[in-house]
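Content type PDB, C-alpha atoms, from the file data-v5.pdb:
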ATOM      1  CA  MET U 204       0.000   0.000   0.000
ATOM      2  CA  SER U 205       1.434   3.307  -0.985
ATOM      3  CA  VAL U 206       1.340   6.014   1.615
ATOM      4  CA  ARG U 207       0.601   9.538   0.481
ATOM      5  CA  PRO U 208      -0.652  11.204   3.647
ATOM      6  CA  GLU U 209      -1.293  14.602   2.058
ATOM      7  CA  ILE U 210      -3.626  12.998  -0.476
ATOM      8  CA  GLU U 211      -5.107  10.266   1.677
ATOM      9  CA  GLU U 212      -5.458  12.000   4.999
ATOM     10  CA  GLY U 213      -5.096  15.681   4.240
ATOM     11  CA  THR U 214      -7.767  18.359   4.393
ATOM     12  CA  ARG U 215      -7.031  19.989   1.035
ATOM     13  CA  LEU U 216      -9.082  19.057  -1.999
ATOM     14  CA  GLU U 217      -6.416  17.966  -4.481
ATOM     15  CA  PRO U 218      -8.285  15.985  -7.129
ATOM     16  CA  ARG U 219      -6.114  13.707  -9.211
ATOM     17  CA  PHE U 220      -7.513  13.748 -12.717
ATOM     18  CA  ASP U 221      -6.663  10.878 -15.057
ATOM     19  CA  ALA U 222      -4.612  11.151 -18.245
ATOM     20  CA  ALA U 223      -7.691  12.412 -20.097
ATOM     21  CA  GLY U 224      -8.207  15.125 -17.482
ATOM     22  CA  THR U 225     -11.331  13.523 -16.060
ATOM     23  CA  LEU U 226     -12.469  12.254 -12.700
ATOM     24  CA  PRO U 227     -15.200   9.644 -12.165
ATOM     25  CA  CYS U 228     -18.213  10.945 -10.246
ATOM     26  CA  ILE U 229     -20.812   8.898  -8.363
ATOM     27  CA  THR U 230     -24.102  10.713  -7.831
ATOM     28  CA  VAL U 231     -26.391   9.663  -4.995
ATOM     29  CA  ASP U 232     -29.762  10.885  -3.740
ATOM     30  CA  ALA U 233     -29.101  13.152  -0.739
ATOM     31  CA  GLU U 234     -32.167  11.876   1.092
ATOM     32  CA  THR U 235     -32.231   8.163   0.410
ATOM     33  CA  GLY U 236     -28.548   7.554  -0.381
ATOM     34  CA  GLU U 237     -29.535   5.631  -3.510
ATOM     35  CA  VAL U 238     -26.951   5.686  -6.297
ATOM     36  CA  LEU U 239     -28.546   7.581  -9.166
ATOM     37  CA  MET U 240     -25.902   7.756 -11.855
ATOM     38  CA  PHE U 241     -22.251   7.663 -12.777
ATOM     39  CA  ALA U 242     -20.484  10.209 -14.972
ATOM     40  CA  TYR U 243     -17.246  12.163 -15.306
ATOM     41  CA  MET U 244     -16.067  15.639 -14.401
ATOM     42  CA  ASN U 245     -13.086  17.555 -15.675
ATOM     43  CA  GLN U 246     -11.542  20.467 -13.746
ATOM     44  CA  GLU U 247     -14.024  22.954 -15.175
ATOM     45  CA  ALA U 248     -17.040  20.737 -14.442
ATOM     46  CA  LEU U 249     -15.851  20.249 -10.867
ATOM     47  CA  ASP U 250     -15.244  23.987 -10.397
ATOM     48  CA  ARG U 251     -18.662  24.862 -11.791
ATOM     49  CA  THR U 252     -20.361  22.203  -9.672
ATOM     50  CA  ILE U 253     -18.780  23.709  -6.554
ATOM     51  CA  GLN U 254     -19.425  27.309  -7.591
ATOM     52  CA  THR U 255     -23.009  26.940  -8.815
ATOM     53  CA  GLY U 256     -24.244  24.092  -6.624
ATOM     54  CA  ARG U 257     -25.624  22.384  -9.736
ATOM     55  CA  ALA U 258     -24.166  19.077 -10.831
ATOM     56  CA  THR U 259     -22.103  19.700 -13.946
ATOM     57  CA  TYR U 260     -20.410  16.854 -15.763
ATOM     58  CA  TYR U 261     -18.046  16.455 -18.676
ATOM     59  CA  SER U 262     -19.153  14.281 -21.558
ATOM     60  CA  ARG U 263     -16.160  12.306 -22.768
ATOM     61  CA  SER U 264     -17.938  11.303 -25.986
ATOM     62  CA  ARG U 265     -19.229  14.754 -26.850
ATOM     63  CA  LYS U 266     -16.172  16.454 -25.334
ATOM     64  CA  LYS U 267     -18.138  19.189 -23.634
ATOM     65  CA  LEU U 268     -19.542  20.320 -20.303
ATOM     66  CA  TRP U 269     -22.994  19.163 -19.463
ATOM     67  CA  VAL U 270     -25.189  20.772 -16.810
ATOM     68  CA  LYS U 271     -27.468  17.965 -15.655
ATOM     69  CA  GLY U 272     -31.109  18.858 -16.262
ATOM     70  CA  GLU U 273     -30.349  21.674 -18.712
ATOM     71  CA  GLU U 274     -32.418  19.931 -21.325
ATOM     72  CA  SER U 275     -34.660  17.613 -19.319
ATOM     73  CA  GLY U 276     -35.331  19.935 -16.394
ATOM     74  CA  PHE U 277     -34.144  17.318 -13.899
ATOM     75  CA  VAL U 278     -31.561  19.576 -12.290
ATOM     76  CA  GLN U 279     -29.391  18.130  -9.516
ATOM     77  CA  HIS U 280     -28.783  20.453  -6.571
ATOM     78  CA  VAL U 281     -25.587  19.456  -4.777
ATOM     79  CA  ARG U 282     -25.965  19.075  -1.015
ATOM     80  CA  GLU U 283     -22.559  17.573  -0.309
ATOM     81  CA  LEU U 284     -19.389  16.740  -2.237
ATOM     82  CA  ARG U 285     -17.061  13.987  -1.098
ATOM     83  CA  ILE U 286     -13.727  12.779  -2.389
ATOM     84  CA  ASP U 287     -12.261   9.323  -1.931
ATOM     85  CA  CYS U 288      -9.025   8.319  -0.215
ATOM     86  CA  ASP U 289      -6.923   8.571  -3.372
ATOM     87  CA  GLN U 290      -8.686  11.762  -4.443
ATOM     88  CA  ASP U 291      -9.371  10.232  -7.831
ATOM     89  CA  CYS U 292     -13.138   9.772  -7.481
ATOM     90  CA  VAL U 293     -15.842  12.230  -6.457
ATOM     91  CA  LEU U 294     -19.185  11.478  -4.817
ATOM     92  CA  ILE U 295     -21.964  14.054  -4.800
ATOM     93  CA  LYS U 296     -25.187  13.933  -2.820
ATOM     94  CA  VAL U 297     -27.951  15.696  -4.691
ATOM     95  CA  SER U 298     -31.598  16.680  -4.570
ATOM     96  CA  VAL U 299     -33.149  16.121  -7.971
ATOM     97  CA  GLU U 300     -35.846  18.382  -9.363
ATOM     98  CA  GLY U 301     -38.541  16.091 -10.743
ATOM     99  CA  GLY U 302     -36.990  13.014  -9.215
ATOM    100  CA  ALA U 303     -35.422  11.398 -12.282
ATOM    101  CA  SER U 304     -31.752  11.092 -13.167
ATOM    102  CA  CYS U 305     -31.643   8.498 -15.942
ATOM    103  CA  HIS U 306     -32.128   9.504 -19.580
ATOM    104  CA  VAL U 307     -34.097   6.289 -20.160
ATOM    105  CA  GLY U 308     -36.777   7.673 -17.842
ATOM    106  CA  TYR U 309     -36.072   5.967 -14.544
ATOM    107  CA  ARG U 310     -35.225   7.482 -11.169
ATOM    108  CA  SER U 311     -31.810   5.805 -11.138
ATOM    109  CA  CYS U 312     -29.612   4.570 -13.988
ATOM    110  CA  PHE U 313     -29.166   1.335 -12.031
ATOM    111  CA  PHE U 314     -32.673   0.021 -12.646
ATOM    112  CA  ARG U 315     -31.647  -3.557 -13.500
ATOM    113  CA  ARG U 316     -29.958  -6.256 -11.494
ATOM    114  CA  LEU U 317     -28.591  -9.674 -12.272
ATOM    115  CA  LYS U 318     -31.200 -12.325 -11.499
ATOM    116  CA  PRO U 319     -30.141 -14.382  -8.474
ATOM    117  CA  GLY U 320     -28.328 -17.485  -9.692
ATOM    118  CA  SER U 321     -27.950 -16.203 -13.227
ATOM    119  CA  SER U 322     -24.746 -15.088 -14.890
ATOM    120  CA  GLY U 323     -26.347 -13.065 -17.651
ATOM    121  CA  GLU U 324     -30.055 -12.439 -17.153
ATOM    122  CA  LEU U 325     -31.240  -9.096 -15.809
ATOM    123  CA  GLU U 326     -34.442  -8.138 -14.042
ATOM    124  CA  PHE U 327     -35.886  -4.678 -13.561
ATOM    125  CA  THR U 328     -35.903  -3.141 -10.092
ATOM    126  CA  GLU U 329     -37.934  -0.110 -11.129
ATOM    127  CA  SER U 330     -41.288  -0.965 -12.630
ATOM    128  CA  LYS U 331     -42.342   2.444 -13.818
ATOM    129  CA  LYS U 332     -40.603   5.281 -15.622
ATOM    130  CA  VAL U 333     -40.761   8.723 -14.060
ATOM    131  CA  PHE U 334     -40.962  10.338 -17.489
ATOM    132  CA  ASP U 335     -41.179   9.532 -21.175
ATOM    133  CA  PRO U 336     -37.835  10.379 -22.806
ATOM    134  CA  GLU U 337     -39.535  10.863 -26.158
ATOM    135  CA  LYS U 338     -41.454  13.779 -24.722
ATOM    136  CA  VAL U 339     -38.690  15.250 -22.579
ATOM    137  CA  TYR U 340     -35.707  15.282 -24.899
ATOM    138  CA  ARG U 341     -35.759  17.188 -28.128
ATOM    139  CA  ARG U 342     -35.950  14.698 -30.960
ATOM    140  CA  SER U 343     -33.049  16.374 -32.695
ATOM    141  CA  SER U 344     -30.613  15.634 -29.885
TER     142      SER U 344
ATOM    143  CA  MET D 106     -30.067  10.901 -26.881
ATOM    144  CA  SER D 107     -29.056   7.733 -28.608
ATOM    145  CA  VAL D 108     -31.507   4.881 -28.461
ATOM    146  CA  ARG D 109     -30.105   1.388 -28.067
ATOM    147  CA  PRO D 110     -33.041  -0.568 -26.667
ATOM    148  CA  GLU D 111     -31.183  -3.863 -26.373
ATOM    149  CA  ILE D 112     -28.546  -2.239 -24.177
ATOM    150  CA  GLU D 113     -30.712   0.255 -22.323
ATOM    151  CA  GLU D 114     -33.873  -1.737 -21.799
ATOM    152  CA  GLY D 115     -32.921  -5.327 -22.483
ATOM    153  CA  THR D 116     -32.664  -8.161 -19.995
ATOM    154  CA  ARG D 117     -29.282  -9.515 -21.109
ATOM    155  CA  LEU D 118     -26.135  -8.508 -19.292
ATOM    156  CA  GLU D 119     -23.982  -7.082 -22.081
ATOM    157  CA  PRO D 120     -21.303  -5.055 -20.338
ATOM    158  CA  ARG D 121     -19.569  -2.503 -22.512
ATOM    159  CA  PHE D 122     -15.959  -2.392 -21.436
ATOM    160  CA  ASP D 123     -13.883   0.675 -22.287
ATOM    161  CA  ALA D 124     -10.882   0.724 -24.637
ATOM    162  CA  ALA D 125      -8.684  -0.594 -21.813
ATOM    163  CA  GLY D 126     -11.079  -3.503 -21.249
ATOM    164  CA  THR D 127     -12.292  -2.167 -17.915
ATOM    165  CA  LEU D 128     -15.614  -1.216 -16.412
ATOM    166  CA  PRO D 129     -16.048   1.184 -13.469
ATOM    167  CA  CYS D 130     -17.603  -0.413 -10.387
ATOM    168  CA  ILE D 131     -19.351   1.335  -7.503
ATOM    169  CA  THR D 132     -19.470  -0.717  -4.306
ATOM    170  CA  VAL D 133     -22.140  -0.016  -1.712
ATOM    171  CA  ASP D 134     -22.991  -1.520   1.664
ATOM    172  CA  ALA D 135     -25.898  -3.920   1.128
ATOM    173  CA  GLU D 136     -27.518  -2.975   4.415
ATOM    174  CA  THR D 137     -27.056   0.775   4.663
ATOM    175  CA  GLY D 138     -26.663   1.650   0.981
ATOM    176  CA  GLU D 139     -23.571   3.708   1.816
ATOM    177  CA  VAL D 140     -21.042   4.016  -0.999
ATOM    178  CA  LEU D 141     -17.917   2.215   0.207
ATOM    179  CA  MET D 142     -15.474   2.390  -2.670
ATOM    180  CA  PHE D 143     -14.901   2.778  -6.378
ATOM    181  CA  ALA D 144     -12.735   0.485  -8.496
ATOM    182  CA  TYR D 145     -12.585  -1.231 -11.871
ATOM    183  CA  MET D 146     -13.380  -4.683 -13.202
ATOM    184  CA  ASN D 147     -12.268  -6.331 -16.407
ATOM    185  CA  GLN D 148     -14.153  -9.258 -17.963
ATOM    186  CA  GLU D 149     -12.359 -11.804 -15.782
ATOM    187  CA  ALA D 150     -12.935  -9.826 -12.581
ATOM    188  CA  LEU D 151     -16.623  -9.493 -13.409
ATOM    189  CA  ASP D 152     -16.924 -13.201 -14.229
ATOM    190  CA  ARG D 153     -15.182 -14.200 -11.009
ATOM    191  CA  THR D 154     -17.276 -11.798  -8.959
ATOM    192  CA  ILE D 155     -20.430 -13.404 -10.355
ATOM    193  CA  GLN D 156     -19.124 -16.964 -10.047
ATOM    194  CA  THR D 157     -17.593 -16.743  -6.567
ATOM    195  CA  GLY D 158     -19.832 -14.142  -4.956
ATOM    196  CA  ARG D 159     -16.720 -12.317  -3.758
ATOM    197  CA  ALA D 160     -15.968  -8.850  -5.065
ATOM    198  CA  THR D 161     -13.022  -9.131  -7.439
ATOM    199  CA  TYR D 162     -11.541  -6.081  -9.087
ATOM    200  CA  TYR D 163      -8.890  -5.329 -11.668
ATOM    201  CA  SER D 164      -6.059  -3.040 -10.690
ATOM    202  CA  ARG D 165      -5.252  -0.810 -13.628
ATOM    203  CA  SER D 166      -1.960   0.287 -12.097
ATOM    204  CA  ARG D 167      -0.757  -3.181 -11.123
ATOM    205  CA  LYS D 168      -2.468  -4.787 -14.127
ATOM    206  CA  LYS D 169      -3.797  -7.748 -12.208
ATOM    207  CA  LEU D 170      -6.899  -9.186 -10.593
ATOM    208  CA  TRP D 171      -7.494  -8.289  -7.006
ATOM    209  CA  VAL D 172      -9.818 -10.204  -4.694
ATOM    210  CA  LYS D 173     -10.918  -7.630  -2.139
ATOM    211  CA  GLY D 174      -9.933  -8.704   1.367
ATOM    212  CA  GLU D 175      -7.417 -11.291   0.203
ATOM    213  CA  GLU D 176      -4.721  -9.516   2.170
ATOM    214  CA  SER D 177      -6.662  -7.473   4.725
ATOM    215  CA  GLY D 178      -9.368 -10.034   5.482
ATOM    216  CA  PHE D 179     -12.101  -7.506   4.700
ATOM    217  CA  VAL D 180     -13.798  -9.705   2.118
ATOM    218  CA  GLN D 181     -16.835  -8.318   0.301
ATOM    219  CA  HIS D 182     -19.688 -10.788  -0.206
ATOM    220  CA  VAL D 183     -21.820  -9.711  -3.145
ATOM    221  CA  ARG D 184     -25.556  -9.612  -2.417
ATOM    222  CA  GLU D 185     -26.651  -7.959  -5.633
ATOM    223  CA  LEU D 186     -25.098  -6.805  -8.900
ATOM    224  CA  ARG D 187     -26.617  -4.004 -10.924
ATOM    225  CA  ILE D 188     -25.709  -2.503 -14.272
ATOM    226  CA  ASP D 189     -26.509   0.991 -15.459
ATOM    227  CA  CYS D 190     -28.583   2.068 -18.462
ATOM    228  CA  ASP D 191     -25.620   2.171 -20.856
ATOM    229  CA  GLN D 192     -24.190  -1.048 -19.407
ATOM    230  CA  ASP D 193     -20.854   0.665 -18.917
ATOM    231  CA  CYS D 194     -20.885   0.866 -15.116
ATOM    232  CA  VAL D 195     -21.506  -1.814 -12.503
ATOM    233  CA  LEU D 196     -22.875  -1.385  -8.983
ATOM    234  CA  ILE D 197     -22.470  -4.117  -6.386
ATOM    235  CA  LYS D 198     -24.146  -4.329  -3.012
ATOM    236  CA  VAL D 199     -21.924  -6.127  -0.540
ATOM    237  CA  SER D 200     -21.661  -7.339   3.030
ATOM    238  CA  VAL D 201     -18.155  -6.651   4.313
ATOM    239  CA  GLU D 202     -16.391  -8.991   6.724
ATOM    240  CA  GLY D 203     -14.916  -6.769   9.419
ATOM    241  CA  GLY D 204     -16.773  -3.710   8.231
ATOM    242  CA  ALA D 205     -13.953  -1.800   6.513
ATOM    243  CA  SER D 206     -13.444  -1.198   2.803
ATOM    244  CA  CYS D 207     -10.847   1.571   2.639
ATOM    245  CA  HIS D 208      -7.135   0.782   2.703
ATOM    246  CA  VAL D 209      -6.573   3.899   4.836
ATOM    247  CA  GLY D 210      -8.550   2.189   7.603
ATOM    248  CA  TYR D 211     -11.990   3.718   7.313
ATOM    249  CA  ARG D 212     -15.327   2.045   6.675
ATOM    250  CA  SER D 213     -15.780   3.916   3.400
ATOM    251  CA  CYS D 214     -13.223   5.469   1.047
ATOM    252  CA  PHE D 215     -15.398   8.587   0.986
ATOM    253  CA  PHE D 216     -14.552   9.736   4.509
ATOM    254  CA  ARG D 217     -14.015  13.405   3.654
ATOM    255  CA  ARG D 218     -16.338  16.061   2.335
ATOM    256  CA  LEU D 219     -15.908  19.601   1.135
ATOM    257  CA  LYS D 220     -16.604  22.036   3.972
ATOM    258  CA  PRO D 221     -19.824  23.947   3.314
ATOM    259  CA  GLY D 222     -18.981  27.248   1.623
ATOM    260  CA  SER D 223     -15.412  26.205   0.853
ATOM    261  CA  SER D 224     -13.981  25.397  -2.560
ATOM    262  CA  GLY D 225     -10.963  23.468  -1.352
ATOM    263  CA  GLU D 226     -11.081  22.585   2.341
ATOM    264  CA  LEU D 227     -12.109  19.099   3.414
ATOM    265  CA  GLU D 228     -13.508  17.836   6.685
ATOM    266  CA  PHE D 229     -13.639  14.263   7.924
ATOM    267  CA  THR D 230     -16.991  12.507   8.149
ATOM    268  CA  GLU D 231     -15.605   9.413   9.866
ATOM    269  CA  SER D 232     -13.856  10.149  13.129
ATOM    270  CA  LYS D 233     -12.362   6.775  13.832
ATOM    271  CA  LYS D 234     -10.556   4.196  11.771
ATOM    272  CA  VAL D 235     -11.873   0.650  11.823
ATOM    273  CA  PHE D 236      -8.343  -0.740  11.622
ATOM    274  CA  ASP D 237      -4.707   0.290  11.571
ATOM    275  CA  PRO D 238      -3.342  -0.231   8.049
ATOM    276  CA  GLU D 239       0.192  -0.599   9.402
ATOM    277  CA  LYS D 240      -0.894  -3.728  11.238
ATOM    278  CA  VAL D 241      -3.178  -5.160   8.586
ATOM    279  CA  TYR D 242      -1.140  -4.833   5.413
ATOM    280  CA  ARG D 243       2.224  -6.496   5.062
ATOM    281  CA  ARG D 244       4.910  -3.828   5.135
ATOM    282  CA  SER D 245       6.468  -5.259   2.010
ATOM    283  CA  SER D 246       3.403  -4.611  -0.126
TER     284      SER D 246
END
Conversion result in structure tokens:
Amino acid sequence: MSVRPEIEEGTRLEPRFDAAGTLPCITVDAETGEVLMFAYMNQEALDRTIQTGRATYYSRSRKKLWVKGEESGFVQHVRELRIDCDQDCVLIKVSVEGGASCHVGYRSCFFRRLKPGSSGELEFTESKKVFDPEKVYRRSS
Amino acid sequence: MSVRPEIEEGTRLEPRFDAAGTLPCITVDAETGEVLMFAYMNQEALDRTIQTGRATYYSRSRKKLWVKGEESGFVQHVRELRIDCDQDCVLIKVSVEGGASCHVGYRSCFFRRLKPGSSGELEFTESKKVFDPEKVYRRSS
């Protein structure tokens, strides 16, 4: 185990971005603790998230900042920001306007689990979508 | 929004590994829902996790499989495995032998949060370590 006390036990936020300049971010519901989604931040997304209090991510495929809810209205208000031991992963606790965080329409992106005893079959854990993506997202996007 | 119904709404586990052959994994406590740690799996780690019921990760820096708790004794027994909408992130719910998941000695790796109103100062959310890493990990490692 490497020992880097200033990173692992210090009280300065010193995020260690990867080679692509991004940091994984886990987003959980501030009230229930449920994991809602997983995305990435770059330095600018992290700064804006802290400054504005609105979860802002960096899309690695589209190579641009992405304010969650800008299009769908499901804005995430950040109640707490945590960093892990190695300072290479962020966790934010958010309150979600409208209650949905997944673009497919569910509350959480993790709406399927492996069936007990199966190695490849999934079952749904959310039975109902919060919204219809066809109606929420512009068709051109 | 891209629409890939077989990935996003299908009932087959079809994990989409990144260019390096890895998949991010969020590990939460099966009882409390607390996020414990963040790591990566490759195909073999995922297969072994499913087959053995013990959380097995892939270390991208050491380039090898890593059975959590093999050295420390803090084994993670997998109670549930979820996959996200895009099937490019896994979430496992685990019961942890000994109750610690962070190599620094804390229950969770996310033991620090940004102080309210600060942009760079952290405060600890766990006041006491579960174990002393100096005693648990071999000094040679």
Sel. within 7 Å of pt (-9.9, 23.3, -3.3), counting only C-alpha atoms, output as a list in words
Arg215, Leu216 and Glu217 of chain U; Ser224, Gly225 and Glu226 of chain D
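Across the model, the gap from CA of Gly115 (chain D) to CA of Phe327 (chain U) is 9.4 Å.
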Find the nearest atom pair between each residue of chain U and chain D for residues within 6 Å, count all atoms listed in the file, give distances in Å to one decimal, sort rows by chain and ascending number, and present the table as JSON lines.
{"residue": "U:Met204", "atom": "CA", "partner": "D:Ser246", "partner_atom": "CA", "distance": 5.7}
{"residue": "U:Thr214", "atom": "CA", "partner": "D:Leu227", "partner_atom": "CA", "distance": 4.5}
{"residue": "U:Arg215", "atom": "CA", "partner": "D:Glu226", "partner_atom": "CA", "distance": 5.0}
{"residue": "U:Leu216", "atom": "CA", "partner": "D:Gly225", "partner_atom": "CA", "distance": 4.8}
{"residue": "U:Leu284", "atom": "CA", "partner": "D:Arg218", "partner_atom": "CA", "distance": 5.5}
{"residue": "U:Arg285", "atom": "CA", "partner": "D:Arg218", "partner_atom": "CA", "distance": 4.1}
{"residue": "U:Ile286", "atom": "CA", "partner": "D:Phe215", "partner_atom": "CA", "distance": 5.6}
{"residue": "U:Asp287", "atom": "CA", "partner": "D:Phe215", "partner_atom": "CA", "distance": 4.3}
{"residue": "U:Cys288", "atom": "CA", "partner": "D:Cys214", "partner_atom": "CA", "distance": 5.2}
{"residue": "U:Cys312", "atom": "CA", "partner": "D:Asp189", "partner_atom": "CA", "distance": 5.0}
{"residue": "U:Phe313", "atom": "CA", "partner": "D:Asp189", "partner_atom": "CA", "distance": 4.4}
{"residue": "U:Arg315", "atom": "CA", "partner": "D:Arg187", "partner_atom": "CA", "distance": 5.7}
{"residue": "U:Arg316", "atom": "CA", "partner": "D:Arg187", "partner_atom": "CA", "distance": 4.1}
{"residue": "U:Leu317", "atom": "CA", "partner": "D:Leu186", "partner_atom": "CA", "distance": 5.6}
{"residue": "U:Gly323", "atom": "CA", "partner": "D:Leu118", "partner_atom": "CA", "distance": 4.8}
{"residue": "U:Glu324", "atom": "CA", "partner": "D:Arg117", "partner_atom": "CA", "distance": 5.0}
{"residue": "U:Leu325", "atom": "CA", "partner": "D:Thr116", "partner_atom": "CA", "distance": 4.5}
{"residue": "U:Ser344", "atom": "CA", "partner": "D:Met106", "partner_atom": "CA", "distance": 5.6}
Give chain D as a compact mmCIF listing (two decimals) with C-alpha atoms, in the frame of the given file once it has been least-squares superposed onto chain U over every C-alpha atom, paired in order.
# COMPACT_ATOMS: atom_id res chain seq x y z
CA MET D 106 0.02 0.00 -0.07
CA SER D 107 1.45 3.34 -1.01
CA VAL D 108 1.35 6.01 1.63
CA ARG D 109 0.62 9.55 0.51
CA PRO D 110 -0.62 11.23 3.68
CA GLU D 111 -1.29 14.60 2.08
CA ILE D 112 -3.61 13.00 -0.46
CA GLU D 113 -5.10 10.26 1.69
CA GLU D 114 -5.45 12.01 5.01
CA GLY D 115 -5.08 15.69 4.25
CA THR D 116 -7.75 18.36 4.40
CA ARG D 117 -7.04 19.99 1.03
CA LEU D 118 -9.07 19.06 -2.00
CA GLU D 119 -6.41 17.96 -4.48
CA PRO D 120 -8.27 15.99 -7.13
CA ARG D 121 -6.11 13.70 -9.21
CA PHE D 122 -7.51 13.74 -12.72
CA ASP D 123 -6.67 10.87 -15.06
CA ALA D 124 -4.60 11.17 -18.25
CA ALA D 125 -7.69 12.42 -20.10
CA GLY D 126 -8.21 15.14 -17.47
CA THR D 127 -11.33 13.51 -16.06
CA LEU D 128 -12.46 12.25 -12.69
CA PRO D 129 -15.20 9.64 -12.17
CA CYS D 130 -18.22 10.93 -10.24
CA ILE D 131 -20.81 8.89 -8.37
CA THR D 132 -24.11 10.71 -7.83
CA VAL D 133 -26.39 9.67 -4.99
CA ASP D 134 -29.76 10.89 -3.75
CA ALA D 135 -29.11 13.14 -0.75
CA GLU D 136 -32.17 11.87 1.09
CA THR D 137 -32.23 8.15 0.40
CA GLY D 138 -28.55 7.55 -0.37
CA GLU D 139 -29.54 5.64 -3.51
CA VAL D 140 -26.96 5.67 -6.29
CA LEU D 141 -28.55 7.58 -9.17
CA MET D 142 -25.91 7.75 -11.87
CA PHE D 143 -22.25 7.65 -12.79
CA ALA D 144 -20.49 10.21 -14.97
CA TYR D 145 -17.25 12.15 -15.30
CA MET D 146 -16.07 15.63 -14.40
CA ASN D 147 -13.09 17.55 -15.68
CA GLN D 148 -11.55 20.46 -13.74
CA GLU D 149 -14.04 22.96 -15.16
CA ALA D 150 -17.04 20.74 -14.44
CA LEU D 151 -15.86 20.23 -10.87
CA ASP D 152 -15.24 23.96 -10.39
CA ARG D 153 -18.67 24.85 -11.77
CA THR D 154 -20.36 22.19 -9.67
CA ILE D 155 -18.78 23.69 -6.55
CA GLN D 156 -19.43 27.29 -7.59
CA THR D 157 -23.01 26.93 -8.82
CA GLY D 158 -24.25 24.10 -6.62
CA ARG D 159 -25.62 22.39 -9.73
CA ALA D 160 -24.17 19.07 -10.83
CA THR D 161 -22.10 19.69 -13.95
CA TYR D 162 -20.41 16.86 -15.77
CA TYR D 163 -18.05 16.44 -18.68
CA SER D 164 -19.14 14.27 -21.56
CA ARG D 165 -16.16 12.30 -22.78
CA SER D 166 -17.92 11.31 -25.99
CA ARG D 167 -19.21 14.77 -26.86
CA LYS D 168 -16.16 16.46 -25.32
CA LYS D 169 -18.13 19.20 -23.63
CA LEU D 170 -19.54 20.34 -20.31
CA TRP D 171 -22.99 19.16 -19.46
CA VAL D 172 -25.19 20.77 -16.82
CA LYS D 173 -27.47 17.97 -15.67
CA GLY D 174 -31.11 18.87 -16.27
CA GLU D 175 -30.35 21.67 -18.70
CA GLU D 176 -32.44 19.94 -21.33
CA SER D 177 -34.68 17.62 -19.31
CA GLY D 178 -35.34 19.95 -16.38
CA PHE D 179 -34.15 17.32 -13.90
CA VAL D 180 -31.56 19.57 -12.30
CA GLN D 181 -29.39 18.13 -9.53
CA HIS D 182 -28.78 20.45 -6.57
CA VAL D 183 -25.59 19.44 -4.79
CA ARG D 184 -25.97 19.06 -1.02
CA GLU D 185 -22.57 17.57 -0.32
CA LEU D 186 -19.39 16.73 -2.23
CA ARG D 187 -17.07 13.99 -1.09
CA ILE D 188 -13.73 12.77 -2.39
CA ASP D 189 -12.27 9.32 -1.93
CA CYS D 190 -9.03 8.32 -0.21
CA ASP D 191 -6.91 8.56 -3.37
CA GLN D 192 -8.68 11.76 -4.45
CA ASP D 193 -9.37 10.23 -7.83
CA CYS D 194 -13.13 9.77 -7.48
CA VAL D 195 -15.84 12.22 -6.45
CA LEU D 196 -19.18 11.48 -4.81
CA ILE D 197 -21.97 14.05 -4.80
CA LYS D 198 -25.18 13.93 -2.83
CA VAL D 199 -27.95 15.69 -4.70
CA SER D 200 -31.60 16.67 -4.56
CA VAL D 201 -33.16 16.12 -7.98
CA GLU D 202 -35.86 18.39 -9.36
CA GLY D 203 -38.54 16.09 -10.74
CA GLY D 204 -37.00 13.01 -9.20
CA ALA D 205 -35.43 11.40 -12.29
CA SER D 206 -31.76 11.08 -13.16
CA CYS D 207 -31.66 8.49 -15.94
CA HIS D 208 -32.12 9.50 -19.57
CA VAL D 209 -34.10 6.29 -20.15
CA GLY D 210 -36.77 7.68 -17.83
CA TYR D 211 -36.07 5.97 -14.54
CA ARG D 212 -35.23 7.47 -11.17
CA SER D 213 -31.82 5.80 -11.13
CA CYS D 214 -29.62 4.57 -13.98
CA PHE D 215 -29.17 1.34 -12.04
CA PHE D 216 -32.68 0.01 -12.64
CA ARG D 217 -31.65 -3.56 -13.50
CA ARG D 218 -29.97 -6.26 -11.49
CA LEU D 219 -28.60 -9.67 -12.26
CA LYS D 220 -31.20 -12.33 -11.48
CA PRO D 221 -30.13 -14.39 -8.47
CA GLY D 222 -28.33 -17.51 -9.68
CA SER D 223 -27.96 -16.20 -13.22
CA SER D 224 -24.74 -15.08 -14.89
CA GLY D 225 -26.34 -13.05 -17.65
CA GLU D 226 -30.06 -12.43 -17.15
CA LEU D 227 -31.24 -9.09 -15.80
CA GLU D 228 -34.44 -8.14 -14.04
CA PHE D 229 -35.88 -4.67 -13.56
CA THR D 230 -35.90 -3.15 -10.09
CA GLU D 231 -37.93 -0.10 -11.10
CA SER D 232 -41.28 -0.94 -12.60
CA LYS D 233 -42.33 2.46 -13.80
CA LYS D 234 -40.60 5.28 -15.60
CA VAL D 235 -40.75 8.73 -14.05
CA PHE D 236 -40.96 10.34 -17.48
CA ASP D 237 -41.18 9.54 -21.17
CA PRO D 238 -37.84 10.38 -22.80
CA GLU D 239 -39.54 10.88 -26.17
CA LYS D 240 -41.45 13.80 -24.72
CA VAL D 241 -38.69 15.27 -22.59
CA TYR D 242 -35.71 15.28 -24.91
CA ARG D 243 -35.77 17.17 -28.18
CA ARG D 244 -35.93 14.67 -31.02
CA SER D 245 -33.05 16.40 -32.75
CA SER D 246 -30.61 15.71 -29.93
Edge lengths and centre in Å to one decimal, as AutoDock Vina command-line options, of the axis-aligned box that encloses all listed atoms of region 143-153 of chain D with 6 Å added on every side?
--center_x -14.6 --center_y -5.7 --center_z -12.2 --size_x 16.7 --size_y 29.0 --size_z 23.6
List the residues selected by the PyMOL selection byres ((chain U and resi 224) around 12) in the file shown, writing them as a VMD selection string.
chain U and resid 218 to 223 225 to 227 243 to 249 261 to 263 266 291
Record the distance separating CA of Glu234 (chain U) and CA of Val281 (chain U), expressed in Å with one decimal.
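Atom-to-atom, CA of Glu234 (chain U) and CA of Val281 (chain U) are spaced 11.6 Å apart.
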